[in-house]
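What follows is a short report on a single structure.
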Amino acid sequence: MHNHTSPRLVGSMPGLSVQTLGLMFISGFFASNAFDLWGQLISPTLGFANLSPHGLARSLLQTLGLPSGEFAGYFVHFYLVGLVGYPIGWMFIFAPIWQRVMGATHWFLPSAIYGFGLWVFAIGGITVIAGLPFFLNFTGITWVALVGHVLYGIVMVAVLRMIEKK
């Protein structure tokens with residue numbers, strides 16, 4: 001489809017297939033890299049906080065009594081969350097609900113709202129489960145993470161759109 005909406009992006013749930021898995025990995029890859037570029041290079045260069053999402057993953061793993069070394073933290077952050085978890089949340093939960101409630105809309109607004117929801121989930125919820133302060137006490141890292149998660153949502157859906165246009 002070449003219009004501003006697409007069933008795969010904002011609509012019905014996609015089927016379970018190798019193609020869907022590929023879409024998740026590719027869109028999650030670019031979105032995770034945008035998140036890390038913002039949080040670990042651009043933000044600190046501008047004088048803002050440096051994101052360390054693998055540190056949050058390590059804290060969560062440790063709280064759950066699981067191996068929590070450096071590799072485990074990066075694996076959970078990049079692979080399980082960035083390439084699988086967050087794309088599943090969009091494709092199988094958020095986008096179908098958005099379509100049902102709001103109807104066919106442009107992709108940008110729901111992708112930004114989805115990113116905001118990811119921020120609430122990660123910084124408002126996972127931090128508490130991991131034994132860290134609620135929303136990390138609303139310090140500078142909280143706001144850098146907000147921008148990063150919204151950016152993640154926008155980039156992920158933009159990449160899905162680009163792939164689908166081909």
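Simple scheme: letters A, B, ... for chains in structure tokens order, numbers from 1 for residues in each chain, numbers from 1 for ligands in the order shown.
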
TODO: Pull the alpha helix (DSSP H) assignments for segment 60-152 of chain A out of DSSP run on the backbone, and list those residues as a VMD selection string.
DONE: chain A and resid 60 to 63 70 to 74 86 to 88 95 to 102 108 to 119 127 to 129 140 to 152

TODO: Compile the contact shell of Ser52 of chain A as number ranges by chain: residues with an atom at most 12 Å away, counting only C-alpha atoms, same-chain residues fewer than 6 positions apart removed.
DONE: A: 35-41, 43-44, 58-59, 70, 73-74, 77-78, 123, 141-142, 144-145, 148

Open item on the list: Report, in Å with one decimal, the straight-line distance from atom CA of Tyr114 of chain A to atom CA of Pro87 of chain A.
Closed with: 10.4 Å

TODO: Identify, on the basis of only C-alpha atoms, every residue whose closest approach to segment 125-133 of chain A does not exceed 10 Å; exclude the query and any residue fewer than 3 positions from it along the same chain; express the result as a ChimeraX atom specification.
DONE: /A:56-64,118-122,136-138

Open item on the list: I'd like the contact shell of Phe29 of chain A - 12 Å cut-off, only C-alpha atoms, skipping same-chain residues fewer than 3 positions apart - returned as a PyMOL selection string.
Closed with: chain A and resi 22-26+32-36+77-87+152-153+155-157+159-160

- [ ] Would you mind telling me which residue in A:Leu51, A:Leu109, A:Phe134, A:Ser27 lies nearest to Met162 of chain A when using only C-alpha atoms?
- [x]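 Ranked by minimum distance to Met162 of chain A, first place goes to A:Ser27.
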